[in-house]
Every structure is written in structure tokens, then in C-alpha cells.
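J.: See protein_10.csv below, with CSV, C-alpha atoms and all ligand atoms.
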```
chain,number,residue,atom,x,y,z
A,1,MET,CA,87.3,112.5,72.4
A,2,SER,CA,88.7,109.2,73.6
A,3,VAL,CA,92.0,107.8,72.5
A,4,SER,CA,92.6,104.1,71.7
A,5,VAL,CA,95.1,102.1,73.7
A,6,PHE,CA,96.3,98.6,72.6
A,7,ILE,CA,97.9,96.5,75.3
A,8,ASP,CA,100.1,94.0,73.6
A,9,GLY,CA,100.8,91.2,76.1
A,10,ALA,CA,97.6,91.9,78.1
A,11,ALA,CA,97.4,88.4,79.4
A,12,GLY,CA,100.7,88.7,81.2
A,13,THR,CA,101.3,90.0,84.8
A,14,THR,CA,102.1,93.6,83.9
A,15,GLY,CA,99.5,93.8,81.1
A,16,LEU,CA,96.7,92.6,83.3
A,17,GLU,CA,97.5,95.2,85.9
A,18,ILE,CA,97.6,98.0,83.4
A,19,ALA,CA,94.2,96.9,82.1
A,20,GLU,CA,92.8,96.9,85.6
A,21,ARG,CA,94.1,100.5,86.2
A,22,LEU,CA,92.6,101.7,82.9
A,23,ALA,CA,89.2,99.9,83.3
A,24,GLY,CA,86.3,102.3,83.5
A,25,ARG,CA,88.3,105.3,82.2
A,26,ALA,CA,86.1,107.0,79.6
A,27,GLU,CA,89.1,108.8,78.1
A,28,PHE,CA,90.4,105.5,76.6
A,29,ASP,CA,89.1,102.9,74.2
A,30,LEU,CA,91.0,99.8,75.4
A,31,VAL,CA,92.0,97.3,72.8
A,32,ILE,CA,92.9,93.8,73.9
A,33,LEU,CA,93.1,90.8,71.7
A,34,ASP,CA,91.3,87.6,72.7
A,35,ASP,CA,93.1,84.4,73.6
A,36,GLU,CA,92.9,83.1,70.0
A,37,ARG,CA,94.4,86.2,68.4
A,38,ARG,CA,96.8,87.6,71.1
A,39,LYS,CA,99.8,85.9,69.5
A,40,ASP,CA,98.6,86.2,65.9
A,41,ASP,CA,101.0,88.6,64.2
A,42,ASP,CA,98.5,89.8,61.6
A,43,ALA,CA,96.0,90.7,64.3
A,44,ARG,CA,98.7,92.3,66.4
A,45,ALA,CA,100.1,94.3,63.5
A,46,GLU,CA,96.6,95.7,62.8
A,47,ALA,CA,96.1,96.6,66.4
A,48,LEU,CA,99.5,98.1,66.7
A,49,ASN,CA,98.9,100.3,63.7
A,50,ASP,CA,95.3,101.3,64.5
A,51,ALA,CA,95.9,102.4,68.1
A,52,ASP,CA,96.9,105.9,69.2
A,53,PHE,CA,98.9,104.4,72.0
A,54,VAL,CA,100.4,100.9,72.4
A,55,ILE,CA,101.7,99.6,75.7
A,56,LEU,CA,104.1,96.6,75.2
A,57,CYS,CA,104.0,94.1,78.1
A,58,LEU,CA,106.1,91.5,76.4
A,59,PRO,CA,109.5,89.8,76.7
A,60,ASP,CA,112.3,92.0,75.2
A,61,ASP,CA,112.5,90.2,71.8
A,62,ALA,CA,108.8,90.3,71.3
A,63,ALA,CA,108.8,94.0,72.3
A,64,LYS,CA,111.5,94.8,69.7
A,65,ALA,CA,109.6,92.9,67.0
A,66,ALA,CA,106.3,94.7,67.9
A,67,VAL,CA,108.0,98.1,67.4
A,68,GLY,CA,109.2,96.8,64.0
A,69,MET,CA,105.6,96.0,63.1
A,70,ILE,CA,104.5,99.7,63.5
A,71,ARG,CA,104.4,101.1,60.0
A,72,ASN,CA,103.0,104.5,60.7
A,73,GLU,CA,104.4,107.8,62.1
A,74,ARG,CA,101.5,108.3,64.5
A,75,THR,CA,101.2,105.5,67.0
A,76,ARG,CA,103.0,106.3,70.3
A,77,VAL,CA,104.6,103.5,72.3
A,78,ILE,CA,105.2,102.8,76.0
A,79,ASP,CA,107.4,99.7,76.3
A,80,ALA,CA,107.4,98.0,79.7
A,81,SER,CA,110.2,95.6,78.7
A,82,SER,CA,113.9,96.3,79.1
A,83,ALA,CA,114.5,96.3,75.3
A,84,HIS,CA,114.7,100.1,74.9
A,85,ARG,CA,115.8,101.5,78.3
A,86,VAL,CA,118.9,103.2,77.1
A,87,ALA,CA,118.2,103.0,73.4
A,88,SER,CA,118.6,106.2,71.3
A,89,GLY,CA,115.3,107.7,70.2
A,90,TRP,CA,113.6,106.5,73.4
A,91,THR,CA,112.7,108.6,76.4
A,92,TYR,CA,113.1,107.0,79.8
A,93,GLY,CA,109.7,107.0,81.4
A,94,PHE,CA,110.5,108.3,84.9
A,95,PRO,CA,108.8,111.7,84.8
A,96,GLU,CA,110.1,112.8,88.2
A,97,ILE,CA,113.7,112.3,86.9
A,98,VAL,CA,113.6,113.2,83.2
A,99,GLY,CA,110.9,115.9,83.4
A,100,ARG,CA,107.2,115.6,82.7
A,101,ASP,CA,107.6,117.7,79.5
A,102,ALA,CA,110.0,115.2,78.0
A,103,ILE,CA,107.5,112.4,78.4
A,104,ALA,CA,104.6,114.5,77.1
A,105,ALA,CA,106.5,115.2,73.9
A,106,ALA,CA,107.9,111.7,73.4
A,107,ARG,CA,106.7,109.2,70.8
A,108,PHE,CA,108.7,106.3,72.2
A,109,VAL,CA,108.8,105.9,76.0
A,110,SER,CA,110.6,103.1,77.8
A,111,ASN,CA,109.1,102.3,81.2
A,112,PRO,CA,111.8,102.1,83.8
A,113,GLY,CA,112.9,98.7,85.3
A,114,CYS,CA,111.4,98.0,88.7
A,115,TYR,CA,114.6,97.9,90.7
A,116,PRO,CA,116.1,100.9,88.8
A,117,THR,CA,113.0,102.9,89.8
A,118,GLY,CA,114.1,102.6,93.4
A,119,PHE,CA,117.8,103.0,92.8
A,120,ILE,CA,117.5,106.0,90.4
A,121,GLY,CA,114.8,107.6,92.5
A,122,LEU,CA,117.2,107.6,95.4
A,123,VAL,CA,120.6,108.3,93.8
A,124,ALA,CA,119.9,110.6,90.8
A,125,PRO,CA,118.7,113.7,92.7
A,126,LEU,CA,121.6,113.4,95.1
A,127,VAL,CA,124.3,113.1,92.5
A,128,ARG,CA,122.7,116.0,90.6
A,129,ALA,CA,122.7,118.1,93.8
A,130,GLY,CA,126.4,117.3,94.3
A,131,LEU,CA,125.6,115.6,97.6
A,132,LEU,CA,126.8,112.2,96.4
A,133,PRO,CA,129.9,111.7,94.1
A,134,ALA,CA,129.3,110.4,90.6
A,135,GLU,CA,132.6,108.6,90.7
A,136,TRP,CA,131.8,106.4,93.8
A,137,PRO,CA,131.5,102.6,93.2
A,138,TYR,CA,127.9,102.2,94.4
A,139,VAL,CA,126.3,99.0,95.6
A,140,CYS,CA,122.6,98.2,95.5
A,141,HIS,CA,121.0,95.3,97.4
A,142,ALA,CA,117.3,94.6,96.6
A,143,VAL,CA,114.6,92.1,97.3
A,144,SER,CA,111.5,91.7,95.1
A,145,GLY,CA,108.3,89.8,95.3
A,146,TYR,CA,108.2,86.9,92.9
A,147,SER,CA,105.7,88.6,90.5
A,148,GLY,CA,108.7,90.6,89.4
A,149,GLY,CA,109.7,87.7,87.3
A,150,GLY,CA,106.4,87.5,85.5
A,151,LYS,CA,104.3,84.3,84.9
A,152,ALA,CA,107.2,82.0,84.9
A,153,LEU,CA,108.6,83.0,88.4
A,154,ILE,CA,105.0,83.2,89.8
A,155,SER,CA,104.5,79.6,88.8
A,156,ARG,CA,107.8,78.5,90.2
A,157,PHE,CA,107.3,80.1,93.6
A,158,GLU,CA,103.7,79.0,93.8
A,159,ALA,CA,104.7,75.4,93.0
A,160,ASP,CA,107.7,75.3,95.4
A,161,ARG,CA,106.5,76.8,98.7
A,162,ASP,CA,109.9,75.8,100.3
A,163,ILE,CA,111.9,78.6,98.8
A,164,ALA,CA,112.5,81.2,101.5
A,165,PHE,CA,115.0,83.5,99.8
A,166,ARG,CA,116.4,83.4,96.3
A,167,ALA,CA,119.6,85.3,95.7
A,168,TYR,CA,120.3,85.6,91.9
A,169,GLY,CA,122.1,87.7,89.4
A,170,LEU,CA,125.2,86.0,90.9
A,171,ALA,CA,127.1,86.3,87.6
A,172,LEU,CA,126.7,90.1,87.9
A,173,GLY,CA,125.9,92.2,84.9
A,174,HIS,CA,122.2,92.2,85.5
A,175,LYS,CA,120.2,93.7,82.6
A,176,HIS,CA,119.2,96.7,84.8
A,177,VAL,CA,122.7,97.9,85.4
A,178,PRO,CA,123.0,100.1,82.2
A,179,GLU,CA,119.9,102.1,83.0
A,180,MET,CA,120.9,102.4,86.7
A,181,LYS,CA,124.3,103.9,85.7
A,182,ALA,CA,123.0,106.1,82.9
A,183,LEU,CA,120.0,107.6,84.7
A,184,ALA,CA,121.7,108.1,88.0
A,185,GLY,CA,124.5,109.9,86.2
A,186,LEU,CA,127.3,107.6,87.5
A,187,ALA,CA,130.8,107.1,86.3
A,188,HIS,CA,130.9,103.3,87.0
A,189,ASP,CA,128.5,100.4,86.9
A,190,PRO,CA,126.8,100.0,90.3
A,191,LEU,CA,127.2,96.5,91.8
A,192,PHE,CA,123.7,95.1,91.9
A,193,ALA,CA,122.7,92.2,94.2
A,194,PRO,CA,119.0,91.3,93.7
A,195,ALA,CA,117.0,88.6,95.5
A,196,VAL,CA,113.4,87.3,95.5
A,197,VAL,CA,111.3,86.5,98.6
A,198,PRO,CA,108.1,84.4,98.8
A,199,ALA,CA,105.8,87.4,98.6
A,200,HIS,CA,103.7,88.1,95.5
A,201,ARG,CA,104.6,91.7,95.1
A,202,GLY,CA,106.6,94.6,96.6
A,203,MET,CA,110.2,95.4,96.8
A,204,LEU,CA,112.9,97.0,98.9
A,205,VAL,CA,115.9,98.6,97.1
A,206,GLU,CA,118.8,99.7,99.3
A,207,VAL,CA,122.0,101.7,98.7
A,208,PRO,CA,124.3,101.5,101.7
A,209,LEU,CA,126.8,104.4,101.9
A,210,HIS,CA,130.0,105.0,103.8
A,211,LEU,CA,129.5,108.7,103.8
A,212,SER,CA,132.6,109.5,105.8
A,213,MET,CA,134.8,107.9,103.1
A,214,MET,CA,133.0,109.6,100.2
A,215,SER,CA,134.6,112.9,99.2
A,216,GLY,CA,132.1,115.7,99.2
A,217,ALA,CA,129.1,113.6,100.4
A,218,GLY,CA,126.4,115.3,102.4
A,219,ALA,CA,125.3,114.4,105.9
A,220,PRO,CA,122.2,112.1,106.2
A,221,ASP,CA,119.9,115.0,107.1
A,222,ALA,CA,121.2,117.0,104.1
A,223,LEU,CA,120.5,114.0,101.8
A,224,ARG,CA,117.0,113.6,103.2
A,225,ARG,CA,116.2,117.3,102.8
A,226,ALA,CA,117.5,117.3,99.2
A,227,LEU,CA,115.3,114.3,98.3
A,228,ALA,CA,112.3,116.0,100.0
A,229,ASP,CA,112.9,119.2,98.1
A,230,PHE,CA,113.4,117.3,94.8
A,231,TYR,CA,110.1,115.4,95.1
A,232,ALA,CA,108.1,118.2,96.8
A,233,GLY,CA,104.6,118.3,95.4
A,234,SER,CA,104.8,114.8,93.9
A,235,MET,CA,101.8,112.6,94.6
A,236,VAL,CA,103.7,109.5,93.6
A,237,VAL,CA,107.1,109.8,95.2
A,238,LYS,CA,107.1,110.3,99.0
A,239,VAL,CA,110.1,111.0,101.2
A,240,GLU,CA,109.6,109.9,104.8
A,241,ASP,CA,111.5,111.3,107.7
A,242,ASP,CA,110.6,108.6,110.2
A,243,ARG,CA,113.2,106.3,111.7
A,244,PRO,CA,111.6,102.9,111.7
A,245,ASP,CA,113.3,100.0,113.5
A,246,GLU,CA,112.3,97.7,110.7
A,247,LEU,CA,110.9,97.8,107.2
A,248,LEU,CA,108.6,94.9,106.3
A,249,LEU,CA,107.5,93.4,103.0
A,250,ARG,CA,104.3,91.7,103.6
A,251,ALA,CA,103.2,88.7,101.6
A,252,SER,CA,99.7,90.2,101.5
A,253,MET,CA,100.7,93.6,100.1
A,254,GLU,CA,97.9,95.3,98.1
A,255,PRO,CA,98.7,97.0,94.8
A,256,VAL,CA,100.1,100.5,95.2
A,257,ASP,CA,101.7,103.0,92.8
A,258,THR,CA,103.7,105.1,95.1
A,259,LEU,CA,107.5,105.1,95.6
A,260,THR,CA,108.6,105.7,99.2
A,261,LEU,CA,112.1,106.9,99.9
A,262,ARG,CA,114.1,107.0,103.2
A,263,VAL,CA,117.5,108.1,104.3
A,264,LEU,CA,118.4,106.2,107.4
A,265,GLY,CA,121.6,107.7,108.9
A,266,ALA,CA,124.0,106.6,111.7
A,267,ALA,CA,123.9,108.9,114.7
A,268,ASP,CA,127.4,110.2,113.9
A,269,GLY,CA,126.6,110.7,110.2
A,270,SER,CA,129.4,108.4,109.0
A,271,GLN,CA,127.1,105.9,107.3
A,272,ALA,CA,123.6,105.9,105.8
A,273,ARG,CA,121.2,103.4,104.2
A,274,LEU,CA,119.1,104.8,101.3
A,275,VAL,CA,116.0,102.7,101.1
A,276,ALA,CA,113.2,102.7,98.5
A,277,MET,CA,110.0,100.8,98.9
A,278,LEU,CA,107.7,100.2,96.0
A,279,ASP,CA,105.4,97.7,94.3
A,280,ASN,CA,107.2,96.1,91.4
A,281,LEU,CA,103.9,96.0,89.6
A,282,GLY,CA,103.0,99.6,90.6
A,283,LYS,CA,105.6,102.4,90.1
A,284,GLY,CA,107.9,99.5,89.1
A,285,ALA,CA,105.8,98.7,86.0
A,286,SER,CA,102.0,99.1,85.5
A,287,GLY,CA,101.5,102.2,87.6
A,288,ALA,CA,104.4,103.9,85.9
A,289,ALA,CA,103.0,102.9,82.5
A,290,VAL,CA,99.6,104.5,83.3
A,291,GLN,CA,101.3,107.6,84.7
A,292,ASN,CA,103.3,107.9,81.5
A,293,LEU,CA,100.2,107.3,79.4
A,294,ASN,CA,98.3,110.0,81.3
A,295,ILE,CA,101.1,112.5,80.7
A,296,MET,CA,101.4,111.6,77.0
A,297,ALA,CA,97.7,111.9,76.5
A,298,ASP,CA,97.7,115.3,78.3
A,299,LEU,CA,95.4,114.0,81.1
A,300,ASP,CA,95.6,114.2,84.9
A,301,GLU,CA,99.0,112.6,85.6
A,302,THR,CA,97.7,110.5,88.5
A,303,ALA,CA,94.3,109.4,87.2
A,304,GLY,CA,93.7,105.7,87.7
A,305,LEU,CA,96.7,105.3,90.1
A,306,ARG,CA,96.5,103.7,93.5
A,307,LEU,CA,98.1,106.3,95.7
B,401,LIG,N1,106.6,91.7,86.4
B,401,LIG,C1,107.2,92.8,86.8
B,401,LIG,O1,107.2,93.2,88.0
B,401,LIG,C2,107.8,93.7,85.8
B,401,LIG,C3,107.8,93.4,84.4
B,401,LIG,N2,108.4,94.2,83.5
B,401,LIG,C4,108.6,93.9,82.1
B,401,LIG,O2,107.3,93.8,81.5
B,401,LIG,C5,107.4,92.8,80.5
B,401,LIG,C6,106.3,91.8,80.7
B,401,LIG,O3,106.6,91.2,82.0
B,401,LIG,P1,105.5,90.3,82.8
B,401,LIG,O4,104.2,90.9,82.6
B,401,LIG,O5,106.1,90.2,84.1
B,401,LIG,O6,105.7,88.9,82.0
B,401,LIG,P2,104.7,87.7,81.8
B,401,LIG,O7,105.5,86.6,81.4
B,401,LIG,O8,103.8,87.6,83.0
B,401,LIG,O9,103.8,88.2,80.6
B,401,LIG,C7,104.3,88.3,79.3
B,401,LIG,C8,103.1,88.1,78.3
B,401,LIG,O10,103.6,88.3,77.0
B,401,LIG,C9,103.0,87.3,76.2
B,401,LIG,N3,103.8,87.1,75.0
B,401,LIG,C10,105.1,86.5,74.9
B,401,LIG,N4,105.5,86.5,73.7
B,401,LIG,C11,104.5,87.1,72.9
B,401,LIG,C12,104.3,87.4,71.6
B,401,LIG,N5,105.3,87.1,70.7
B,401,LIG,N6,103.2,88.0,71.1
B,401,LIG,C13,102.2,88.3,72.0
B,401,LIG,N7,102.3,88.0,73.4
B,401,LIG,C14,103.4,87.4,73.8
B,401,LIG,C15,103.0,86.1,77.1
B,401,LIG,O11,102.1,85.1,76.7
B,401,LIG,P3,101.8,83.7,77.5
B,401,LIG,O12,100.8,84.2,78.5
B,401,LIG,O13,101.2,82.8,76.5
B,401,LIG,O14,103.1,83.3,78.1
B,401,LIG,C16,102.5,86.7,78.4
B,401,LIG,O15,101.1,86.8,78.5
B,401,LIG,C17,108.7,92.1,80.5
B,401,LIG,O16,109.6,92.7,79.5
B,401,LIG,C18,109.3,92.5,81.9
B,401,LIG,O17,110.7,92.7,81.9
B,401,LIG,C19,108.9,95.4,83.9
B,401,LIG,C20,108.9,95.8,85.2
B,401,LIG,C21,108.4,95.0,86.3
B,402,LIG,C1,112.3,89.2,90.4
B,402,LIG,C2,112.8,89.3,89.0
B,402,LIG,O1,113.1,88.3,88.4
B,402,LIG,N1,112.9,90.5,88.5
B,402,LIG,C3,113.3,90.7,87.1
B,402,LIG,C4,113.3,92.2,86.9
B,402,LIG,C5,111.9,92.6,86.6
B,402,LIG,C6,111.6,92.6,85.1
B,402,LIG,O2,110.8,91.8,84.6
B,402,LIG,O3,112.4,93.3,84.4
B,402,LIG,P1,112.2,94.9,84.2
B,402,LIG,O4,111.9,95.5,85.4
B,402,LIG,O5,113.5,95.3,83.6
B,402,LIG,O6,111.3,95.0,83.1
B,402,LIG,C7,114.8,90.4,86.9
B,402,LIG,O7,115.6,90.5,87.8
B,402,LIG,O8,115.1,90.0,85.8
```
The structure in this file should be written as C-alpha cells.
Ligand SMILES: NC(=O)C1=CN([C@@H]2O[C@H](COP(=O)(O)OP(=O)(O)OC[C@H]3O[C@@H](n4cnc5c(N)ncnc54)[C@H](OP(=O)(O)O)[C@@H]3O)[C@@H](O)[C@H]2O)C=CC1
Ligand SMILES: CC(=O)N[C@@H](CCC(=O)OP(=O)(O)O)C(=O)O

T.:
Amino acid sequence: MSVSVFIDGAAGTTGLEIAERLAGRAEFDLVILDDERRKDDDARAEALNDADFVILCLPDDAAKAAVGMIRNERTRVIDASSAHRVASGWTYGFPEIVGRDAIAAARFVSNPGCYPTGFIGLVAPLVRAGLLPAEWPYVCHAVSGYSGGGKALISRFEADRDIAFRAYGLALGHKHVPEMKALAGLAHDPLFAPAVVPAHRGMLVEVPLHLSMMSGAGAPDALRRALADFYAGSMVVKVEDDRPDELLLRASMEPVDTLTLRVLGAADGSQARLVAMLDNLGKGASGAAVQNLNIMADLDETAGLRL
């Protein structure tokens, strides 16, 4: 028996990529409103209430309003926006971190933020294992392709080919900080320094560590082994033990739904760089939504993913 899935915001960057990943899947009846009706609240309310699952690919305010339009107790929701990341009654949609069973049982799932997927994926298992202190003031540098900012940032970068690097979030207090702190189990807000480069998609999320100054921190090899053990068996999260001289984001990157983690340690073990590579539109958004949908619908967790 197929289940119906309504993508609200299907004409946007994330929504389009979810539709591509679900296309041709017989398990789902995909509901997408045409251009005339996609912003018509009556049509949306009907679709939101008819569907078994809705995936919200909307700005935060519109996502909150969409949830308010659901008048039944049955429709299950995956919200790609940042409106409900740490909201009560919502489950954080990172199955490797919160547990597959929690997602399977949830009615309201908030897809993680793209940058937080890298940060939390690196830090949470190590804090839980006692190999990194929860009290440390962590710093996170990250660069994203411009599709991370949706249609508006895509238009801006495609119109102005002269931008080579865009540091932003300079006032601090980026919207991702609360979920980074909460899901990594930290005592303090991490200092988050994001930037955008002129590549369409892809991101590098880095956490530099002064291990020798961190009370109780493990050595780089111990951190890498702990991550490998934590993600053992995952088809989506991969822990590499190579020592590359460089890590490249390519302007021509193809869509991919994996999250690749590395621990790059100094020879004397005093410092390390934890580095996550992912596609902001893959495990950072649309791939994660499809993985969560698969789990909620009790299907093969990785069906439709680009691994
Ligand atoms: N891009 C990314 O890498 C990631 C995005 N996200 C999140 O996903 C959500 C969507 O982002 P993204 O796809 O990038 O954004 P886009 O701007 O590309 O798409 C948003 C879509 O929502 C539509 N929309 C806006 N308001 C309404 C409304 N009231 N009713 C119906 N449709 C509406 C827009 O319409 P129109 O086309 O007319 O503008 C647009 O098609 C955001 O909350 C974002 O934070 C999460 C992780 C990563
Ligand atoms: C490059 C860029 O602008 N990225 C966005 C984050 C991506 C996004 O849209 O937010 P979520 O991942 O929380 O949904 C930003 O920094 O606001």
C-alpha cells in the first residue's frame, strides 16, 4: 500500500531535490501543487491534511504556519526549515545521533541544519564517549556552496561572478547555534564562523582542537577510532582514516547523501582538526529528509539516497 507525501515548497531548492529523490518510488504517492496553487492557502491546507506525510521546504515563518494548518492527529511532518530544531514535541531528524527508533516513532521530525549535521556528527559521539569535554568553548569554521542559501543566494552568486569568498554571520548568534549546542551536548554555545564560496553545493565543516589544553581529551587516533566505532555499519556516515594534504570542494560537485568525517591530528597529538564533508542539499537537507521519511514509513532507510 502506498503512502501519500505532500512536499510544501516543492518549487524551492530543497523541495526540488526531495522530489527528484522520491521520483519513481512506487511506495509513495507524491503530491505537489502546481504553480498556480502552490501558495494558495486553501489548496495547501487540503494537501497538508490529506497527506500521510508532509515535508516542509519553506522559510521558517511559512513552516510554522503550515504546521498550524494541520487540523488532524494523523499527518506526520518532516520540517526542513530551522523553525522547530530545538522545539518541544519535535524529534531532531539525525537518526545516527538520536536513534533510528526515535525517528520511527515520531510524528514531528525536524530535519537538522546543514552545518549542524557536520558539527554534531563530529562532536556529539566524542563528547558522549568522554573523549572531548562538554565544557570546552568549541569553535566551528565552515564553508558552504551557495545553494545553502536557497533561491535568493543562488541568484545572487549567479548574478555576481566576482564573489570569491563570503564570510557572514559576523554578528555571531547564527540560527544554527542552539541546535549545535543542544545536540552535541555542550555546556556553552560554540563560536560558529560560516562562509560561502562560489560552488553550487557542498560544504566543509571544521572543528579545530587544542587537544593538549583540553582536560581529559583523547588523542587523535582515539578520537578517530571512537567515531569509526560509533558509525560502524552506517551506509550514510563514513569515517575516513586517510591523511590527505588537501580537501577540495569542487564547483562541479554531484549530489551525494553521505557525510564523511575525518580526524586530522598533529604528529605529537597536541592538536587536531575534525573535518566533515557533505552536500548541503544531501545529508544537509534533502537526503536527510528522504532518510527520515524512509525510517518513519518503515522502509529501507537508504532507499532513494545517493550513496
Ligand atoms: N538550501 C539548503 O542547503 C538548505 C535549506 N534548508 C531549509 O529548507 C527550507 C527551504 O530552503 P530552500 O529550499 O533552500 O529555499 P528556497 O528559497 O530555494 O525555496 C523555498 C520555497 O518556498 C516557497 N515559499 C515561500 N513561502 C511560501 C508560502 N507561504 N507557501 C508556499 N510556498 C512558499 C518559495 O516560493 P518562491 O519559489 O515563489 O520563492 C520557494 O519555492 C528553509 O527553511 C531552509 O532553511 C535546510 C538545510 C539546507
Ligand atoms: C549558505 C547559507 O546561507 N546557509 C544558510 C543555512 C542553510 C539553511 O538554509 O538553513 P538550515 O540548514 O538551518 O535550514 C545560513 O547560513 O543561513

J.: Looking at all atoms listed in the file, which of A:Cys114, A:Val86, A:Leu186, A:Ala19 is the one that sits closest to ligand LIG 401 (chain B)?

T.: A:Cys114

J.: Counting all atoms listed in the file, which residues of chain A fall within 7 Å of ligand LIG 402 (chain B), and what is the closest atom pair for each with its distance in Å at one decimal, ordered by chain and rising number, as JSON lines?

T.:
```
{"residue": "A:Ala80", "atom": "CA", "partner": "B:LIG402", "partner_atom": "O6", "distance": 6.0}
{"residue": "A:Ser81", "atom": "CA", "partner": "B:LIG402", "partner_atom": "O6", "distance": 4.6}
{"residue": "A:Ser82", "atom": "CA", "partner": "B:LIG402", "partner_atom": "O5", "distance": 4.6}
{"residue": "A:Pro112", "atom": "CA", "partner": "B:LIG402", "partner_atom": "O4", "distance": 6.8}
{"residue": "A:Gly113", "atom": "CA", "partner": "B:LIG402", "partner_atom": "O4", "distance": 3.4}
{"residue": "A:Cys114", "atom": "CA", "partner": "B:LIG402", "partner_atom": "O4", "distance": 4.2}
{"residue": "A:Tyr115", "atom": "CA", "partner": "B:LIG402", "partner_atom": "O4", "distance": 6.4}
{"residue": "A:Ser144", "atom": "CA", "partner": "B:LIG402", "partner_atom": "C1", "distance": 5.4}
{"residue": "A:Gly145", "atom": "CA", "partner": "B:LIG402", "partner_atom": "C1", "distance": 6.4}
{"residue": "A:Tyr146", "atom": "CA", "partner": "B:LIG402", "partner_atom": "C1", "distance": 5.3}
{"residue": "A:Ser147", "atom": "CA", "partner": "B:LIG402", "partner_atom": "C1", "distance": 6.6}
{"residue": "A:Gly148", "atom": "CA", "partner": "B:LIG402", "partner_atom": "C1", "distance": 4.0}
{"residue": "A:Gly149", "atom": "CA", "partner": "B:LIG402", "partner_atom": "O1", "distance": 3.6}
{"residue": "A:Gly150", "atom": "CA", "partner": "B:LIG402", "partner_atom": "O2", "distance": 6.2}
{"residue": "A:Leu153", "atom": "CA", "partner": "B:LIG402", "partner_atom": "O1", "distance": 7.0}
{"residue": "A:Lys175", "atom": "CA", "partner": "B:LIG402", "partner_atom": "O5", "distance": 7.0}
{"residue": "A:His176", "atom": "CA", "partner": "B:LIG402", "partner_atom": "O5", "distance": 6.0}
{"residue": "A:Pro194", "atom": "CA", "partner": "B:LIG402", "partner_atom": "O7", "distance": 6.9}
{"residue": "A:Ala195", "atom": "CA", "partner": "B:LIG402", "partner_atom": "C1", "distance": 7.0}
{"residue": "A:Val196", "atom": "CA", "partner": "B:LIG402", "partner_atom": "C1", "distance": 5.6}
{"residue": "A:Gly284", "atom": "CA", "partner": "B:LIG402", "partner_atom": "O4", "distance": 6.8}
{"residue": "A:Ala285", "atom": "CA", "partner": "B:LIG402", "partner_atom": "O4", "distance": 6.9}
```

J.: Report, in Å to a single decimal, how far apart atom CA of A:Leu132 and atom CA of A:Ala219 are.

T.: 9.9 Å

J.: At a cut-off of 8 Å around ligand LIG 401 (chain B), and using all atoms listed in the file, what residues come up? Please write them as an MDAnalysis selection string.

T.: chainID A and resid 8:16 38:41 44 56:63 79:83 111:114 147:152 201 279:281 284:286

J.: What separation in Å, quoted to one decimal, exists between atom CA of A:Arg21 and atom CA of A:Val5?

T.: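 For atom CA of A:Arg21 relative to atom CA of A:Val5, the distance reads 12.6 Å.
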
J.: Measuring atom to atom with all atoms listed in the file, identify which of A:Leu259, A:Leu170, A:Val275, A:Leu131 is nearest to A:Gly287.

T.: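 For A:Gly287, the nearest of the candidates is A:Leu259.
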
J.: Work out how far apart atom CA of A:Ala288 and atom CA of A:Ala276 are and give it in Å to one decimal.

T.: 15.4 Å

J.: Got a sec: who's within 10 Å of A:Pro133, counting only C-alpha atoms, leaving out chain neighbours fewer than 3 positions off, as a list in words?

T.: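 Listed by chain and then number, they are Val123, Leu126, Val127, Arg128, Ala129, Gly130, Trp136, Pro137, Tyr138, Gly185, Leu186, Ala187, Met214, Ser215, Gly216, Ala217 and Gly218 of chain A.
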
J.: Residues at most 10 Å from A:Glu158, counting only C-alpha atoms, excluding those fewer than 3 positions away in the same chain, as a ChimeraX atom specification?

T.: /A:146,153-155,161-163,198-200

J.: Return the single residue from A:His84, A:Arg76, A:Arg243, A:Lys283 that is closest to A:Ala267, with distances computed using all atoms listed in the file.

T.: A:Arg243

J.: Which residue out of A:Arg250, A:Arg156, A:Arg262, A:Arg273 has the minimum interatomic distance to A:Leu211 when only C-alpha atoms are used?

T.: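 Smallest separation from A:Leu211 among the options: A:Arg273.
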
J.: Using only C-alpha atoms, can you tell me which of A:Phe165, A:Phe192, A:Leu248, A:Asp52 comes closest to A:Val177?

T.: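 Looking only at the distances to A:Val177, the closest residue turns out to be A:Phe192.
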
J.: Using all atoms listed in the file, pick whichever of A:Val109, A:Ala226, A:Val54, A:Leu48 has the shortest atom-to-atom distance to A:Thr91.

T.: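 The answer is A:Val109, which sits nearest to A:Thr91.
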
J.: Fewer than 4 positions away in the same chain doesn't count, so skip those; otherwise give me all residues within 12 Å of A:Phe108, counting all atoms listed in the file, as a ChimeraX atom specification.

T.: /A:53-56,67,70,73-80,83-93,102-104,292-293,296

J.: Identify, on the basis of all atoms listed in the file, every residue whose closest approach to A:Asp221 does not exceed 8 Å; exclude the query and any residue fewer than 4 positions from it along the same chain; express the result as a ChimeraX atom specification.

T.: /A:225,263,265
